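Asker: So that you have it, the file is input_34.txt, and it contains compact mmCIF, C-alpha atoms (C1' of nucleotides):
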```txt
# COMPACT_ATOMS: atom_id res chain seq x y z
CA MET K 132 188.47 -2.22 -117.90
CA LEU K 133 186.20 -3.79 -115.36
CA LYS K 134 188.13 -3.10 -112.21
CA ARG K 135 189.91 0.06 -113.04
CA MET K 136 188.33 1.63 -110.00
CA PRO K 137 190.58 1.20 -107.00
CA ARG K 138 188.19 0.99 -104.09
CA ARG K 139 191.09 2.18 -102.05
CA SER K 140 194.53 3.14 -103.11
CA THR K 141 196.32 0.07 -104.39
CA ARG K 142 199.09 0.68 -101.93
CA ASP K 143 196.74 0.48 -98.98
CA GLU K 144 195.13 -2.66 -100.29
CA ILE K 145 198.53 -4.27 -100.60
CA LEU K 146 199.18 -3.51 -96.96
CA VAL K 147 195.85 -5.00 -95.88
CA VAL K 148 196.38 -8.21 -97.79
CA ALA K 149 200.03 -8.48 -96.79
CA ALA K 150 199.15 -8.03 -93.13
CA ALA K 151 196.71 -10.91 -93.30
CA GLN K 152 199.13 -13.12 -95.21
CA PHE K 153 202.08 -12.41 -92.92
CA ALA K 154 199.97 -13.02 -89.85
CA HIS K 155 198.61 -16.32 -91.10
CA VAL K 156 201.57 -17.97 -92.78
CA GLY K 157 204.46 -15.96 -91.40
CA PHE K 158 206.77 -13.57 -93.15
CA LYS K 159 208.85 -16.17 -94.90
CA GLY K 160 205.82 -18.30 -95.63
CA ALA K 161 204.01 -15.53 -97.48
CA SER K 162 204.90 -15.03 -101.12
CA LEU K 163 204.63 -11.86 -103.14
CA GLN K 164 202.87 -13.80 -105.86
CA GLU K 165 200.04 -14.85 -103.58
CA ILE K 166 199.69 -11.39 -102.11
CA ALA K 167 199.54 -9.86 -105.57
CA ALA K 168 196.99 -12.41 -106.70
CA GLU K 169 194.77 -11.69 -103.72
CA VAL K 170 195.08 -7.96 -104.23
CA GLY K 171 194.28 -8.41 -107.90
CA CYS K 172 197.42 -6.90 -109.35
CA SER K 173 200.75 -8.16 -110.59
CA LYS K 174 203.74 -8.96 -108.46
CA ALA K 175 205.65 -6.16 -110.15
CA THR K 176 203.08 -3.73 -108.83
CA LEU K 177 203.96 -4.67 -105.27
CA LEU K 178 207.57 -3.90 -106.02
CA TYR K 179 206.61 -0.63 -107.61
CA HIS K 180 204.89 0.56 -104.43
CA PHE K 181 207.42 -0.94 -102.04
CA ALA K 182 211.16 -1.35 -102.33
CA GLY K 183 210.90 -5.02 -101.48
CA LYS K 184 209.28 -7.59 -99.25
CA ASP K 185 211.08 -6.16 -96.24
CA ALA K 186 209.72 -2.71 -97.01
CA ILE K 187 206.16 -4.05 -96.88
CA LEU K 188 206.90 -5.54 -93.50
CA ALA K 189 208.41 -2.31 -92.27
CA ALA K 190 205.45 -0.26 -93.47
CA LEU K 191 203.18 -2.71 -91.68
CA ILE K 192 205.01 -2.73 -88.39
CA GLY K 193 205.80 0.97 -88.32
CA PRO K 194 202.52 2.33 -86.94
CA ALA K 195 202.19 -0.46 -84.41
CA ALA K 196 205.73 0.14 -83.23
CA GLN K 197 205.04 3.83 -82.91
CA GLU K 198 202.05 3.24 -80.68
CA LEU K 199 204.04 0.73 -78.69
CA ALA K 200 206.69 3.38 -78.09
CA ALA K 201 203.99 5.84 -77.07
CA LEU K 202 202.61 3.33 -74.60
CA ASP K 203 206.06 2.82 -73.17
CA ALA K 204 206.51 6.53 -72.73
CA ARG K 205 203.16 6.80 -70.99
CA LEU K 206 204.05 3.96 -68.63
CA ALA K 207 207.42 5.41 -67.75
CA ALA K 208 205.81 7.93 -65.43
CA LEU K 209 203.83 5.37 -63.48
CA ASP K 210 204.76 2.99 -60.75
CA GLY K 211 203.34 0.39 -58.42
CA PRO K 212 200.04 -1.39 -59.02
CA GLU K 213 198.62 1.38 -61.15
CA LEU K 214 201.60 0.85 -63.47
CA GLN K 215 200.59 -2.75 -63.96
CA VAL K 216 196.94 -1.89 -64.54
CA ALA K 217 197.86 0.75 -67.09
CA ALA K 218 200.34 -1.59 -68.77
CA ILE K 219 197.82 -4.40 -69.00
CA GLU K 220 195.00 -2.27 -70.35
CA GLY K 221 197.28 -0.35 -72.70
CA PHE K 222 198.81 -3.52 -74.03
CA VAL K 223 195.49 -5.26 -74.55
CA ASP K 224 194.10 -2.23 -76.36
CA LEU K 225 197.20 -2.06 -78.52
CA VAL K 226 197.06 -5.71 -79.43
CA LEU K 227 193.37 -5.53 -80.22
CA ARG K 228 193.95 -2.56 -82.48
CA TYR K 229 196.85 -4.26 -84.30
CA ARG K 230 195.82 -7.89 -84.15
CA GLN K 231 197.58 -9.04 -87.27
CA GLU K 232 200.73 -7.08 -86.60
CA ALA K 233 200.89 -8.43 -83.06
CA ALA K 234 200.48 -11.99 -84.24
CA LEU K 235 203.12 -11.40 -86.88
CA ILE K 236 205.65 -9.91 -84.51
CA TYR K 237 205.06 -12.52 -81.87
CA GLY K 238 204.88 -15.43 -84.27
CA ASP K 239 208.11 -14.54 -85.99
CA ALA K 240 209.57 -12.93 -82.90
CA ALA K 241 212.70 -15.01 -82.62
CA ARG K 242 213.20 -14.60 -86.34
CA PHE K 243 213.57 -10.91 -86.87
CA LEU K 244 213.81 -9.36 -83.44
CA ARG K 245 217.48 -10.20 -83.74
CA GLU K 246 217.77 -8.62 -87.14
CA PRO K 247 219.15 -5.09 -86.89
CA ALA K 248 216.32 -3.72 -89.00
CA PHE K 249 213.82 -4.48 -86.25
CA ALA K 250 216.11 -4.52 -83.25
CA PHE K 251 214.69 -1.17 -82.21
CA LEU K 252 211.53 -3.02 -81.15
CA ARG K 253 213.39 -5.02 -78.57
CA PRO K 254 213.82 -2.37 -75.85
CA HIS K 255 210.20 -1.34 -76.20
CA ILE K 256 209.03 -4.89 -75.71
CA ASP K 257 211.40 -5.31 -72.81
CA ASN K 258 210.09 -2.13 -71.23
CA LEU K 259 206.52 -3.26 -71.67
CA CYS K 260 207.37 -6.59 -70.19
CA ALA K 261 208.97 -4.93 -67.19
CA ALA K 262 205.93 -2.71 -66.76
CA LEU K 263 203.62 -5.71 -66.90
CA ALA K 264 205.72 -7.26 -64.17
CA GLY K 265 205.45 -4.09 -62.08
CA ARG K 266 209.19 -3.60 -62.47
CA SER K 267 209.72 -6.55 -60.20
CA PRO K 268 213.27 -7.91 -60.19
CA GLU K 269 211.96 -11.40 -59.53
CA PRO K 270 212.64 -13.69 -62.51
CA ALA K 271 209.33 -15.42 -61.84
CA ASP K 272 207.45 -12.15 -62.28
CA CYS K 273 209.28 -11.32 -65.50
CA LEU K 274 208.54 -14.78 -66.74
CA ALA K 275 204.86 -14.37 -65.96
CA ALA K 276 204.84 -11.12 -67.88
CA GLU K 277 206.45 -12.80 -70.87
CA VAL K 278 203.90 -15.59 -70.79
CA LEU K 279 201.00 -13.16 -70.78
CA LEU K 280 202.62 -10.92 -73.36
CA GLY K 281 203.06 -13.73 -75.82
CA GLY K 282 199.87 -15.51 -74.96
CA ILE K 283 197.69 -12.47 -75.48
CA ALA K 284 199.47 -11.42 -78.65
CA GLY K 285 199.08 -14.88 -80.11
CA VAL K 286 195.46 -15.52 -79.26
CA VAL K 287 193.73 -12.51 -80.75
CA ILE K 288 194.16 -13.32 -84.44
CA ASP K 289 190.95 -15.12 -85.10
CA LYS K 290 189.04 -14.22 -81.97
CA ALA K 291 186.18 -11.80 -81.92
CA GLY K 292 183.60 -10.55 -79.50
CA GLU K 293 182.83 -7.48 -77.48
CA ASP K 294 183.91 -8.89 -74.16
CA LEU K 295 187.27 -9.92 -75.55
CA ARG K 296 188.97 -6.91 -74.07
CA GLU K 297 187.52 -7.45 -70.62
CA ALA K 298 188.41 -11.12 -70.61
CA LEU K 299 191.99 -10.47 -71.64
CA VAL K 300 192.44 -7.72 -69.09
CA ALA K 301 190.92 -9.95 -66.43
CA VAL K 302 193.22 -12.90 -67.02
CA ALA K 303 196.25 -10.64 -67.20
CA LYS K 304 195.37 -8.97 -63.92
CA ARG K 305 194.83 -12.32 -62.27
CA ALA K 306 198.15 -13.62 -63.50
CA LEU K 307 200.31 -10.55 -63.01
CA ILE K 308 198.97 -8.51 -60.13
CA THR K 309 199.96 -10.75 -57.28
CA PRO K 310 198.17 -10.02 -54.05
CA HIS K 311 200.90 -8.51 -51.95
CA ASP K 312 200.84 -11.26 -49.38
CA LYS K 313 204.25 -12.08 -50.71
CA ASP K 314 206.15 -12.79 -47.54
CA MET T 472 238.15 -38.95 -93.42
CA LEU T 473 238.23 -36.90 -90.27
CA LYS T 474 234.69 -37.24 -89.02
CA ARG T 475 233.71 -40.68 -90.09
CA MET T 476 232.69 -41.50 -86.56
CA PRO T 477 228.98 -40.86 -85.99
CA ARG T 478 228.77 -39.79 -82.39
CA ARG T 479 225.13 -40.82 -82.54
CA SER T 480 223.18 -42.39 -85.32
CA THR T 481 222.97 -39.92 -88.17
CA ARG T 482 219.23 -40.19 -88.15
CA ASP T 483 219.00 -39.05 -84.54
CA GLU T 484 221.36 -36.18 -85.16
CA ILE T 485 219.23 -35.02 -88.05
CA LEU T 486 216.24 -34.94 -85.75
CA VAL T 487 218.11 -32.93 -83.13
CA VAL T 488 219.31 -30.35 -85.61
CA ALA T 489 215.99 -30.18 -87.42
CA ALA T 490 214.13 -29.63 -84.16
CA ALA T 491 216.33 -26.66 -83.35
CA GLN T 492 216.02 -25.22 -86.85
CA PHE T 493 212.28 -25.65 -87.04
CA ALA T 494 211.82 -24.10 -83.62
CA HIS T 495 213.97 -21.09 -84.40
CA VAL T 496 213.10 -20.19 -87.97
CA GLY T 497 209.85 -22.07 -88.43
CA PHE T 498 209.09 -25.03 -90.63
CA LYS T 499 209.00 -23.14 -93.90
CA GLY T 500 211.91 -20.98 -92.91
CA ALA T 501 214.20 -23.93 -92.31
CA SER T 502 215.94 -25.41 -95.33
CA LEU T 503 217.17 -28.95 -95.79
CA GLN T 504 220.48 -27.58 -96.99
CA GLU T 505 221.16 -25.73 -93.75
CA ILE T 506 220.08 -28.66 -91.62
CA ALA T 507 222.35 -30.97 -93.59
CA ALA T 508 225.24 -28.54 -93.29
CA GLU T 509 224.82 -28.31 -89.53
CA VAL T 510 224.57 -32.06 -89.18
CA GLY T 511 227.65 -32.43 -91.34
CA CYS T 512 226.16 -34.55 -94.08
CA SER T 513 224.67 -33.97 -97.49
CA LYS T 514 221.13 -32.95 -98.21
CA ALA T 515 220.60 -36.24 -99.99
CA THR T 516 221.34 -38.03 -96.74
CA LEU T 517 218.39 -36.32 -95.08
CA LEU T 518 216.16 -37.60 -97.85
CA TYR T 519 217.60 -41.05 -97.48
CA HIS T 520 216.64 -41.25 -93.81
CA PHE T 521 213.32 -39.45 -94.21
CA ALA T 522 210.81 -39.48 -97.03
CA GLY T 523 210.80 -35.70 -97.15
CA LYS T 524 210.73 -32.53 -95.14
CA ASP T 525 207.26 -33.33 -93.88
CA ALA T 526 208.43 -36.72 -92.68
CA ILE T 527 211.10 -35.08 -90.53
CA LEU T 528 208.45 -32.87 -89.01
CA ALA T 529 206.19 -35.84 -88.37
CA ALA T 530 208.98 -37.82 -86.73
CA LEU T 531 209.69 -34.82 -84.55
CA ILE T 532 206.13 -34.17 -83.47
CA GLY T 533 205.16 -37.80 -83.09
CA PRO T 534 206.52 -38.49 -79.59
CA ALA T 535 205.32 -35.15 -78.26
CA ALA T 536 201.86 -35.77 -79.67
CA GLN T 537 201.81 -39.19 -78.10
CA GLU T 538 202.58 -37.80 -74.68
CA LEU T 539 200.01 -35.10 -75.20
CA ALA T 540 197.42 -37.76 -75.93
CA ALA T 541 198.48 -39.64 -72.82
CA LEU T 542 198.08 -36.49 -70.75
CA ASP T 543 194.63 -35.99 -72.18
CA ALA T 544 193.65 -39.51 -71.28
CA ARG T 545 194.93 -39.02 -67.77
CA LEU T 546 192.96 -35.81 -67.38
CA ALA T 547 189.75 -37.32 -68.66
CA ALA T 548 189.13 -39.05 -65.35
CA LEU T 549 189.53 -35.91 -63.26
CA ASP T 550 187.24 -33.03 -62.53
CA GLY T 551 186.99 -29.82 -60.56
CA PRO T 552 189.99 -27.94 -59.19
CA GLU T 553 192.22 -31.00 -59.11
CA LEU T 554 191.61 -31.31 -62.84
CA GLN T 555 193.02 -27.87 -63.38
CA VAL T 556 196.03 -28.49 -61.15
CA ALA T 557 196.79 -31.73 -62.92
CA ALA T 558 196.31 -30.12 -66.32
CA ILE T 559 198.60 -27.23 -65.47
CA GLU T 560 201.37 -29.34 -64.02
CA GLY T 561 201.08 -31.96 -66.71
CA PHE T 562 201.15 -29.37 -69.45
CA VAL T 563 204.12 -27.51 -68.01
CA ASP T 564 206.04 -30.73 -67.63
CA LEU T 565 205.18 -31.72 -71.16
CA VAL T 566 206.28 -28.39 -72.59
CA LEU T 567 209.51 -28.42 -70.63
CA ARG T 568 210.29 -31.89 -71.91
CA TYR T 569 209.55 -30.95 -75.52
CA ARG T 570 210.55 -27.31 -75.62
CA GLN T 571 211.45 -27.12 -79.26
CA GLU T 572 208.50 -29.14 -80.42
CA ALA T 573 206.14 -27.00 -78.38
CA ALA T 574 207.57 -23.80 -79.78
CA LEU T 575 207.34 -25.25 -83.26
CA ILE T 576 203.75 -26.37 -82.93
CA TYR T 577 202.68 -23.15 -81.32
CA GLY T 578 204.67 -20.90 -83.59
CA ASP T 579 203.36 -22.50 -86.75
CA ALA T 580 200.07 -23.45 -85.16
CA ALA T 581 197.79 -21.65 -87.57
CA ARG T 582 199.89 -23.01 -90.41
CA PHE T 583 199.60 -26.75 -90.16
CA LEU T 584 196.98 -27.41 -87.54
CA ARG T 585 194.57 -27.00 -90.41
CA GLU T 586 196.48 -29.40 -92.60
CA PRO T 587 194.97 -32.87 -92.49
CA ALA T 588 198.32 -34.46 -91.73
CA PHE T 589 198.39 -32.81 -88.31
CA ALA T 590 194.69 -32.27 -87.75
CA PHE T 591 194.74 -35.12 -85.26
CA LEU T 592 196.51 -32.79 -82.84
CA ARG T 593 193.60 -30.41 -82.76
CA PRO T 594 191.21 -32.36 -80.51
CA HIS T 595 194.02 -33.09 -78.08
CA ILE T 596 194.89 -29.44 -77.81
CA ASP T 597 191.23 -28.56 -77.45
CA ASN T 598 190.85 -31.12 -74.70
CA LEU T 599 193.87 -29.81 -72.89
CA CYS T 600 192.55 -26.30 -73.23
CA ALA T 601 189.22 -27.33 -71.79
CA ALA T 602 190.95 -29.08 -68.92
CA LEU T 603 193.05 -26.01 -68.18
CA ALA T 604 189.81 -24.05 -68.06
CA GLY T 605 188.31 -26.58 -65.64
CA ARG T 606 185.75 -27.51 -68.31
CA SER T 607 184.13 -24.17 -67.77
CA PRO T 608 181.64 -23.20 -70.46
CA GLU T 609 182.50 -19.53 -69.98
CA PRO T 610 184.22 -18.09 -73.08
CA ALA T 611 186.37 -15.96 -70.81
CA ASP T 612 187.72 -19.04 -69.06
CA CYS T 613 188.45 -20.79 -72.34
CA LEU T 614 190.18 -17.67 -73.57
CA ALA T 615 192.31 -17.52 -70.45
CA ALA T 616 193.30 -21.13 -70.99
CA GLU T 617 194.28 -20.38 -74.57
CA VAL T 618 196.37 -17.43 -73.49
CA LEU T 619 198.27 -19.49 -70.96
CA LEU T 620 198.60 -22.44 -73.31
CA GLY T 621 200.19 -20.35 -76.01
CA GLY T 622 202.13 -18.13 -73.69
CA ILE T 623 203.80 -20.98 -71.87
CA ALA T 624 204.52 -22.93 -75.04
CA GLY T 625 206.12 -19.89 -76.63
CA VAL T 626 208.27 -18.73 -73.76
CA VAL T 627 210.25 -21.85 -72.92
CA ILE T 628 212.49 -21.98 -75.98
CA ASP T 629 215.48 -20.09 -74.73
CA LYS T 630 214.70 -20.02 -71.04
CA ALA T 631 216.54 -22.08 -68.50
CA GLY T 632 216.69 -22.47 -64.77
CA GLU T 633 215.61 -24.87 -62.13
CA ASP T 634 212.73 -22.82 -60.85
CA LEU T 635 211.26 -22.47 -64.34
CA ARG T 636 208.73 -25.20 -63.71
CA GLU T 637 207.55 -23.71 -60.43
CA ALA T 638 207.24 -20.24 -61.91
CA LEU T 639 205.22 -21.45 -64.89
CA VAL T 640 202.92 -23.55 -62.73
CA ALA T 641 202.46 -20.61 -60.39
CA VAL T 642 201.46 -18.11 -63.05
CA ALA T 643 199.13 -20.63 -64.66
CA LYS T 644 197.43 -21.38 -61.36
CA ARG T 645 197.04 -17.70 -60.64
CA ALA T 646 195.53 -17.03 -64.05
CA LEU T 647 193.33 -20.08 -64.40
CA ILE T 648 192.19 -21.24 -60.99
CA THR T 649 189.77 -18.47 -60.18
CA PRO T 650 188.85 -18.27 -56.56
CA HIS T 651 185.25 -19.46 -56.56
CA ASP T 652 183.83 -16.18 -55.44
CA LYS T 653 182.26 -16.12 -58.85
CA ASP T 654 178.79 -14.83 -58.03
C1' DC Y 972 197.19 19.20 -128.44
C1' DA Y 973 201.77 17.51 -126.53
C1' DC Y 974 204.41 16.58 -122.37
C1' DT Y 975 205.31 14.73 -117.89
C1' DT Y 976 204.26 12.11 -114.06
C1' DT Y 977 202.02 8.36 -111.95
C1' DC Y 978 200.60 3.72 -112.08
C1' DC Y 979 200.92 -0.76 -113.71
C1' DT Y 980 202.48 -4.93 -116.30
C1' DG Y 981 204.80 -9.07 -118.89
C1' DA Y 982 208.96 -10.99 -119.42
C1' DC Y 983 212.94 -12.19 -117.59
C1' DC Y 984 216.86 -13.14 -114.09
C1' DG Y 985 219.77 -15.60 -110.58
C1' DA Y 986 219.20 -18.00 -106.40
C1' DT Y 987 217.29 -21.39 -103.69
C1' DC Y 988 213.85 -24.49 -102.59
C1' DG Y 989 212.36 -29.75 -101.94
C1' DG Y 990 213.15 -33.79 -104.14
C1' DA Y 991 214.80 -37.90 -107.52
C1' DC Y 992 218.27 -41.04 -108.89
C1' DA Y 993 222.35 -43.79 -109.96
C1' DG Y 994 226.21 -45.24 -107.98
C1' DG Y 995 230.26 -45.33 -104.57
C1' DA Y 996 231.73 -46.73 -99.74
C1' DT Y 997 231.21 -49.47 -95.81
C1' DC Y 998 229.73 -53.16 -93.27
C1' DT Y 999 227.78 -57.75 -92.51
C1' DG Y 1000 227.31 -62.75 -92.51
C1' DA Y 1001 228.06 -67.07 -94.92
C1' DT N 458 236.16 -64.29 -100.48
C1' DC N 459 232.04 -62.77 -102.23
C1' DA N 460 227.05 -61.14 -102.07
C1' DG N 461 223.71 -58.33 -100.16
C1' DA N 462 222.24 -54.72 -97.11
C1' DT N 463 223.00 -50.40 -95.29
C1' DC N 464 224.60 -45.78 -95.47
C1' DC N 465 225.90 -41.85 -97.90
C1' DT N 466 226.82 -38.57 -101.76
C1' DG N 467 227.18 -35.69 -106.31
C1' DT N 468 224.43 -34.35 -109.69
C1' DC N 469 220.54 -33.10 -111.79
C1' DC N 470 215.56 -31.47 -112.03
C1' DG N 471 211.25 -28.54 -112.04
C1' DA N 472 209.14 -25.15 -109.27
C1' DT N 473 209.12 -21.08 -106.87
C1' DC N 474 211.26 -17.50 -104.57
C1' DG N 475 212.34 -12.12 -104.43
C1' DG N 476 213.65 -8.73 -107.55
C1' DT N 477 214.83 -5.98 -112.14
C1' DC N 478 213.64 -3.63 -116.26
C1' DA N 479 211.77 -1.64 -120.44
C1' DG N 480 207.70 -0.06 -121.83
C1' DG N 481 202.50 0.64 -122.15
C1' DA N 482 198.11 2.86 -120.37
C1' DA N 483 195.96 6.79 -117.49
C1' DA N 484 195.75 10.98 -115.70
C1' DG N 485 196.96 15.52 -114.81
C1' DT N 486 199.07 20.04 -116.75
C1' DG N 487 200.56 23.70 -119.92
```
Once you've parsed the file, please lay out its structure as structure tokens.
Answerer:
Amino acid sequence: MLKRMPRRSTRDEILVVAAAQFAHVGFKGASLQEIAAEVGCSKATLLYHFAGKDAILAALIGPAAQELAALDARLAALDGPELQVAAIEGFVDLVLRYRQEAALIYGDAARFLREPAFAFLRPHIDNLCAALAGRSPEPADCLAAEVLLGGIAGVVIDKAGEDLREALVAVAKRALITPHDKD
Amino acid sequence: MLKRMPRRSTRDEILVVAAAQFAHVGFKGASLQEIAAEVGCSKATLLYHFAGKDAILAALIGPAAQELAALDARLAALDGPELQVAAIEGFVDLVLRYRQEAALIYGDAARFLREPAFAFLRPHIDNLCAALAGRSPEPADCLAAEVLLGGIAGVVIDKAGEDLREALVAVAKRALITPHDKD
DNA sequence: CACTTTCCTGACCGATCGGACAGGATCTGA
DNA sequence: TCAGATCCTGTCCGATCGGTCAGGAAAGTG
């Protein structure tokens, strides 16, 4: 009778705890038992609110994926250096807003980006990567974009600070926007 | 009776298969059963050659950690821009030589870098990070080094190509060696 | 009040996990 | 030929995994 007051809806609290768990120990590493214990409910309650472990993951990734798609759509109209700037700033903002989800997706990337349930993420990530590379056909530029994509997504989990955004944008610009003294 | 000929020592083959499994599905995600099946032996054989799953991981990380320590020692004598160049090239070479191990360590970094069994890696990684940042006290420079460290370690798993090394070194130099028009 | 819906739980299930152990092959050197 | 390592395996074990299910409490709703 002590804690009958749900400070938030139980469902939301499950998502918060699950996001942290997935981000820190990976999807396979996290167990429903531990999540339930941290939430303060029983494991069966998790499976009442969600169809299964995968459903929790899907509910977690959904909003982030939606914003990623929106970012892609916004970038589709741009080109040249301003494309890269917009891609960098948009990506950094997105990652900072969905730190745990980004770490989860990137950490377990090879795992479930192949799985059909999350294969729809792949083209979006590829598009973003291409945008970060300024749509350059050079493999070296695409590689640089991948390095920054993964590096930024993986570093933000336990970082904090106001100037985090500026620092991330700065390093990405340095690495990706090559001064056009190419030839 | 068909495959009684061990093309290499069974122990070495276990390490090869385990490295690939760990790198692709993570340490917790990999199962001894699958590794044994891929090697072509029984699960009990794995536990004959190694004290346990952790021991396989330790045997896998050991050589990579040793070379990382050697790189750190080599970098300790350097300073300034040549420190950064040496750190970048040394790190890229190291990662390319131990692709799977690097992906494993970085992918499960938050997992077992805290565990005491692998805590000894932490100072080496911190040193390398500081060297990549040119021992700059600026948080932004340290952050950039972390981004590149993780990004490079995470991207090399399924990449190939001769010019991979050059491209990685190039993007790291661009991102980390800031032209000293700082003030 | 009774009735329905929503929310939650303990108990249980089959599968799989890492690991232990006794013993069978296979090889070696005396 | 025989004894002792070395290498390997089938079988079993307890723990934990994700998931199911019948049913109890709470909260609207008439």
Asker: Which residues come within 7 Å of region 566-582 of chain T, counting only C-alpha atoms (C1' of nucleotides), excluding same-chain residues fewer than 4 positions away, as a list of chain:residue names?
Answerer: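 Once the adjacent positions are removed, what remains is K:His155, K:Val156, K:Gly238, T:Ala490, T:Ala491, T:Phe493, T:Ala494, T:Gly497, T:Ile532, T:Ala535, T:Phe562, T:Gly621, T:Ala624, T:Gly625, T:Val627, T:Ile628.
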Asker: So how far away is CA of Ile145 (chain K) from CA of Ile166 (chain K), in Å?
Answerer: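 Calculated distance between CA of Ile166 (chain K) and CA of Ile145 (chain K) is 7.4 Å.
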Asker: Enclose all atoms of region 234-249 of chain K listed in the file in an axis-aligned box, grow every side by 4 Å, and hand back centre and edge lengths in Å to one decimal, as JSON.
Answerer:
```
{"center_x": 209.8, "center_y": -9.6, "center_z": -85.4, "size_x": 26.7, "size_y": 19.7, "size_z": 15.1}
```
Asker: Specify as a ChimeraX atom specification all residues of chain T found within 10 Å of chain K, counting all atoms listed in the file.
Answerer: /T:494-501,574,577-583,610-630,632,634-649
Asker: CA of Ala186 (chain K) and CA of Ala201 (chain K), how far apart in Å?
Answerer: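 Interatomic distance, CA of Ala201 (chain K) to CA of Ala186 (chain K): 22.4 Å.
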Asker: Starting from chain N, keep only residues with some atom at most 9 Å from an atom of chain T, counting all atoms listed in the file, and report them as number ranges by chain.
Answerer: N: 464-466
Asker: Write out the residues from the selection above, keeping C-alpha atoms (C1' of nucleotides), as a compact mmCIF listing (two decimals), keeping the file's coordinate frame.
Answerer:
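out33.txt was written with the following content:
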```txt
# COMPACT_ATOMS: atom_id res chain seq x y z
C1' DC N 464 224.60 -45.78 -95.47
C1' DC N 465 225.90 -41.85 -97.90
C1' DT N 466 226.82 -38.57 -101.76
```
Asker: Report as a list in words the set of chain Y residues whose atoms approach chain K to within 10 Å, with distances computed over all atoms listed in the file.
Answerer: DC978, DC979, DT980 and DG981 of chain Y
